[in-house]
Amino acid sequence: MITNPVALSKAAKGSRLVIVEVPEGRARAQLLRLGVTKGELIRCLERLPGGTVVILKHRQEIAIGVGLAAHILVVHAGAEQQGRRS
Amino acid sequence: MRKHDQSTIDTVGGHEHHHVEKHSHAGYRQAAMDRPTVALVGNPNVGKSLVFNYLSGLYVDVSNYPGTTVELIKGSYKGYEIFDTPGVYGISSFTAEEAVTRDIVLESDLILNVVDAVHLERDLFLTQQLIDMGKKVVVVLNLMDEVRSIGLEIDTKLLASSLGVPVIETTATTKEGFDSIEGALQKARTGERSSTLHHRLHDMLKLTGSEAEALLILEGDESTAQRHGVAPGHERETLYIERRNRVNLIINAILSERNIRTRFATLAGRWAVNPWTGIPMLLLALYLIYLFVGKLVATDLVGFTENTIGHELWEPWIRGVIAQVITPGSALSTLLVGEFGVITLTITYLLFLLLPLVIAFYLSLALMEDSGYLPRLATLVDRSLNALGLNGAAIIPLILGFGCVTMATITTRLLGTEREKTIAAAILQFAIPCSAQLAVVAALLAGAGFAAMLIYSITIFIIFVAVGTILHRVLPGSATPLLIDLPPMRFPRLDNVARKTAYRSYYFMKEATPWFFAGALGVGLLQLTGLLTVWQDLLEPLTTRWLQLPREASTAFVMGMVRRDFGAAGLYHLSLSQYQIVVALVTITLFTPCIASFMVMMKERGWREAFTVWAGTWIVAFLVGGLLSQALL
């Protein structure tokens, strides 16, 4: 299943997502350290009004402000990835 | 090169140690003498402090908290010098904490890397980076009790062989496994690195002589590059991704899950960030804090300590003692034990009013922090604070401001950028009434009725938002987005909370006390030289014509410059109409911060910013107070 990339800040709560783009800059290194990088499977645990999101990467919950989440692009995880843990 | 004296080690530990390492710079090295140094390194909230406390027998708190991170914390254990470091996610110089940790790691012989076994994926990145730096590492796999309780299984032997370093399992809260730390330290060794890394390091190694520094330079660490006079490398991204992939491979091999159970704490954590459940939880938390800090401590306990112990016992006693040495009424006597006496009023204020409040606030903060609630609260309020040019992390100084603005101003250090520090400090100085002032304000408003309370609250809230919004518009730059990991919710360990509170309260008192004395001395001098009266006379027309308050209220404003609650308390004995009370309280609240917080503001933010804010509070206080007066009276 191929879907168009959307901003993480607009992802639906509960959805399983694959990261397709992480913005340049300092936050990129921090995200890399936390394992939030291109190709990784995550789950959107919560999307607060205004776009702050909480994602789950394995068992790690990470809160990302809208200023960053708006620039992280994701697609919905395909069926073959649904089985993997996130 | 340096070889340590074997005999010293033998007398303490009775074991053999082998280590030879290069050291490029001295620093705290000297203190360690010839004993091997161990850096305790880990991500934030992994139980590193508990390990350090166990090893050193000392209590320290280097959780990422202002002030505590710059101090070097050292203990000794079985012939090793142990250095604690602030919690970090990786080694570089993105933050002040990282820079501190980086330097300690570079200097140390061995690394004791504490890892949260529940969050291996996050934590092993740092572990692999330490290994890649060529350091001798021991991995402490902490929180094993939680691993078992949620149904995870970790193949520790395979982890040890994949990393190439000793790995031991511990549960820090019960000290389980701590006895094997000593044995593991002796087996510390350099771990497994990818073969490509070795190749990449080769050229840089010739320049630096140290693998650790060579790696940091390749990863673009500017300060290390500068130290060696070379340009920082551009391979951070490649190296980070390689490391990430390597960590992911290791994790896939060693970790298995059997029927993961969703724990109640996990659910509570999710509720805390959902607005529908999170806002009621926040209100409940605030109400509990109000009951504890506002009612129990600020009213009942401080009522006793300040009035009974301070005003009735301490002050008359010390006045009596001083009167035997210095003539009462003399200049020196006025300075020491007069109206603003350095050893009467200041001592009462510091010990009998401020100290109980500071302890109560730090206790509440530690409970919120150790339970994992604080980062979730930061997430919940993140978007709202964006409008003020801040992100969710700024909620911590803002909450603390209701305790003591001075304490909160020091805490603005934990914010990421200078811009955010400026905005948060300005909001604190303008629009947050501290608990001392809040108590008096509440008492006066209670007498003035509901409408008065509403007008007061709305006005202050508008100013709060306005200060943030205006600075956000005016200052160049933009708000940095929130990026925090949310540690699992857990029941806080009370002994840890108590120790943390004690340490922070002590640290705050140590930092703030000189400024309180300086402030009291300054005002005492103003009084002696007659400048205080001149000041009062100058303010009078503003008070009577523009604010339409009795002329005595001008004294309250002068007092408000010393201590915020003095100002408000000065209004007690004036006969004011209910709207006059609102006007007076709004003006006093927005008026200049107390002397101590002004001093701390100077220290933290520099004199230019401090004076701008100070002058700004004059303008805003009298402008808003006056407009309100013209509208209401």
# chains A, B, ... in the order shown; residues from 1 in each chain; ligands from 1
call {"tool": "interface_residues", "arguments": {"of": "chain B", "to": "chain A", "cutoff": "10 Å", "atoms": "only C-alpha atoms", "output": "ChimeraX atom specification"}}
result
/B:89-90,94,118-126,236-237,240-241,243-245,247-248,257,269-271,273-275,375-376,378-384,386,391-392,478-488
call {"tool": "select_by_dssp", "arguments": {"residues": "chain A", "states": "alpha helix (DSSP H)", "output": "list in words"}}
result
Arg26, Ala27, Arg28, Ala29, Gln30, Leu31, Leu32, Arg33, Val66, Gly67, Leu68, Ala69, Ala79, Glu80, Gln81 and Gln82 of chain A
call {"tool": "write_last_selection", "arguments": {"atoms": "C-alpha atoms", "output": "PDB file, in the first residue's frame"}}
result
ATOM      1  CA  ARG A  26      20.108  19.969  15.497  1.00  0.00           C
ATOM      2  CA  ALA A  27      16.901  18.130  16.295  1.00  0.00           C
ATOM      3  CA  ARG A  28      17.856  15.544  13.683  1.00  0.00           C
ATOM      4  CA  ALA A  29      20.816  14.324  15.706  1.00  0.00           C
ATOM      5  CA  GLN A  30      18.677  14.149  18.838  1.00  0.00           C
ATOM      6  CA  LEU A  31      16.005  12.205  16.982  1.00  0.00           C
ATOM      7  CA  LEU A  32      18.640   9.851  15.580  1.00  0.00           C
ATOM      8  CA  ARG A  33      19.865   9.114  19.063  1.00  0.00           C
ATOM      9  CA  VAL A  66       4.445  20.815  16.596  1.00  0.00           C
ATOM     10  CA  GLY A  67       7.361  22.904  15.343  1.00  0.00           C
ATOM     11  CA  LEU A  68       9.293  19.683  14.811  1.00  0.00           C
ATOM     12  CA  ALA A  69       6.450  17.226  14.206  1.00  0.00           C
ATOM     13  CA  ALA A  79       0.241  -4.534   5.961  1.00  0.00           C
ATOM     14  CA  GLU A  80       3.595  -6.335   5.929  1.00  0.00           C
ATOM     15  CA  GLN A  81       4.865  -3.989   8.620  1.00  0.00           C
ATOM     16  CA  GLN A  82       1.766  -4.153  10.783  1.00  0.00           C
TER      17      GLN A  82
END
call {"tool": "select_by_dssp", "arguments": {"residues": "chain A", "states": "strand (DSSP E or B)", "output": "mmCIF file with N, CA and C atoms, in the first residue's frame"}}
result
data_model
loop_
_atom_site.group_PDB
_atom_site.id
_atom_site.type_symbol
_atom_site.label_atom_id
_atom_site.label_comp_id
_atom_site.auth_asym_id
_atom_site.auth_seq_id
_atom_site.Cartn_x
_atom_site.Cartn_y
_atom_site.Cartn_z
ATOM 1 N N VAL A 6 2.459 12.330 5.038
ATOM 2 C CA VAL A 6 1.831 13.439 5.754
ATOM 3 C C VAL A 6 2.742 13.859 6.898
ATOM 4 N N ALA A 7 2.495 15.062 7.406
ATOM 5 C CA ALA A 7 3.271 15.527 8.555
ATOM 6 C C ALA A 7 2.866 14.726 9.785
ATOM 7 N N ARG A 16 -0.307 3.435 13.024
ATOM 8 C CA ARG A 16 1.063 2.942 12.901
ATOM 9 C C ARG A 16 1.687 3.566 11.669
ATOM 10 N N LEU A 17 2.886 4.104 11.846
ATOM 11 C CA LEU A 17 3.463 4.934 10.796
ATOM 12 C C LEU A 17 4.904 4.552 10.510
ATOM 13 N N VAL A 18 5.326 4.830 9.293
ATOM 14 C CA VAL A 18 6.733 4.679 8.941
ATOM 15 C C VAL A 18 7.274 6.067 8.620
ATOM 16 N N ILE A 19 8.413 6.381 9.201
ATOM 17 C CA ILE A 19 8.993 7.703 8.978
ATOM 18 C C ILE A 19 9.659 7.746 7.606
ATOM 19 N N VAL A 20 9.336 8.778 6.817
ATOM 20 C CA VAL A 20 9.988 8.877 5.517
ATOM 21 C C VAL A 20 10.922 10.079 5.439
ATOM 22 N N GLU A 21 10.732 11.043 6.339
ATOM 23 C CA GLU A 21 11.665 12.167 6.310
ATOM 24 C C GLU A 21 11.788 12.844 7.666
ATOM 25 N N LEU A 41 9.592 2.337 12.260
ATOM 26 C CA LEU A 41 8.162 2.155 12.490
ATOM 27 C C LEU A 41 7.799 2.744 13.854
ATOM 28 N N ILE A 42 6.790 3.607 13.867
ATOM 29 C CA ILE A 42 6.365 4.203 15.139
ATOM 30 C C ILE A 42 4.844 4.131 15.249
ATOM 31 N N ARG A 43 4.356 4.435 16.438
ATOM 32 C CA ARG A 43 2.912 4.529 16.609
ATOM 33 C C ARG A 43 2.589 5.896 17.198
ATOM 34 N N CYS A 44 1.538 6.522 16.690
ATOM 35 C CA CYS A 44 1.127 7.815 17.233
ATOM 36 C C CYS A 44 0.199 7.538 18.409
ATOM 37 N N LEU A 45 0.691 7.807 19.622
ATOM 38 C CA LEU A 45 -0.088 7.498 20.817
ATOM 39 C C LEU A 45 -1.104 8.578 21.116
ATOM 40 N N GLU A 46 -0.718 9.801 20.840
ATOM 41 C CA GLU A 46 -1.584 10.921 21.193
ATOM 42 C C GLU A 46 -1.266 12.079 20.274
ATOM 43 N N ARG A 47 -2.312 12.760 19.833
ATOM 44 C CA ARG A 47 -2.083 13.985 19.093
ATOM 45 C C ARG A 47 -2.880 15.065 19.796
ATOM 46 N N VAL A 53 2.691 15.911 19.436
ATOM 47 C CA VAL A 53 2.359 14.483 19.376
ATOM 48 C C VAL A 53 3.195 13.683 20.367
ATOM 49 N N VAL A 54 2.627 12.557 20.782
ATOM 50 C CA VAL A 54 3.387 11.594 21.583
ATOM 51 C C VAL A 54 3.475 10.333 20.741
ATOM 52 N N ILE A 55 4.704 9.898 20.471
ATOM 53 C CA ILE A 55 4.855 8.687 19.675
ATOM 54 C C ILE A 55 5.445 7.576 20.520
ATOM 55 N N LEU A 56 5.218 6.359 20.073
ATOM 56 C CA LEU A 56 5.777 5.198 20.751
ATOM 57 C C LEU A 56 6.730 4.506 19.791
ATOM 58 N N LYS A 57 7.950 4.362 20.265
ATOM 59 C CA LYS A 57 8.959 3.672 19.464
ATOM 60 C C LYS A 57 9.420 2.523 20.338
ATOM 61 N N GLN A 60 9.414 3.065 24.098
ATOM 62 C CA GLN A 60 9.799 4.407 24.497
ATOM 63 C C GLN A 60 8.778 5.438 24.004
ATOM 64 N N GLU A 61 8.221 6.197 24.944
ATOM 65 C CA GLU A 61 7.314 7.271 24.548
ATOM 66 C C GLU A 61 8.114 8.561 24.376
ATOM 67 N N ILE A 62 7.858 9.261 23.290
ATOM 68 C CA ILE A 62 8.582 10.495 23.008
ATOM 69 C C ILE A 62 7.582 11.584 22.646
ATOM 70 N N ALA A 63 7.719 12.745 23.285
ATOM 71 C CA ALA A 63 6.834 13.872 22.974
ATOM 72 C C ALA A 63 7.557 14.803 22.017
ATOM 73 N N ILE A 64 6.873 15.201 20.960
ATOM 74 C CA ILE A 64 7.476 16.063 19.944
ATOM 75 C C ILE A 64 6.571 17.267 19.707
ATOM 76 N N LEU A 73 7.971 13.710 8.150
ATOM 77 C CA LEU A 73 6.960 13.147 7.261
ATOM 78 C C LEU A 73 6.838 11.646 7.487
ATOM 79 N N VAL A 74 5.591 11.178 7.462
ATOM 80 C CA VAL A 74 5.330 9.761 7.719
ATOM 81 C C VAL A 74 4.333 9.226 6.691
ATOM 82 N N VAL A 75 4.343 7.908 6.514
ATOM 83 C CA VAL A 75 3.272 7.256 5.751
ATOM 84 C C VAL A 75 2.682 6.168 6.637
ATOM 85 N N HIS A 76 1.464 5.778 6.319
ATOM 86 C CA HIS A 76 0.867 4.691 7.092
ATOM 87 C C HIS A 76 1.634 3.416 6.846
#
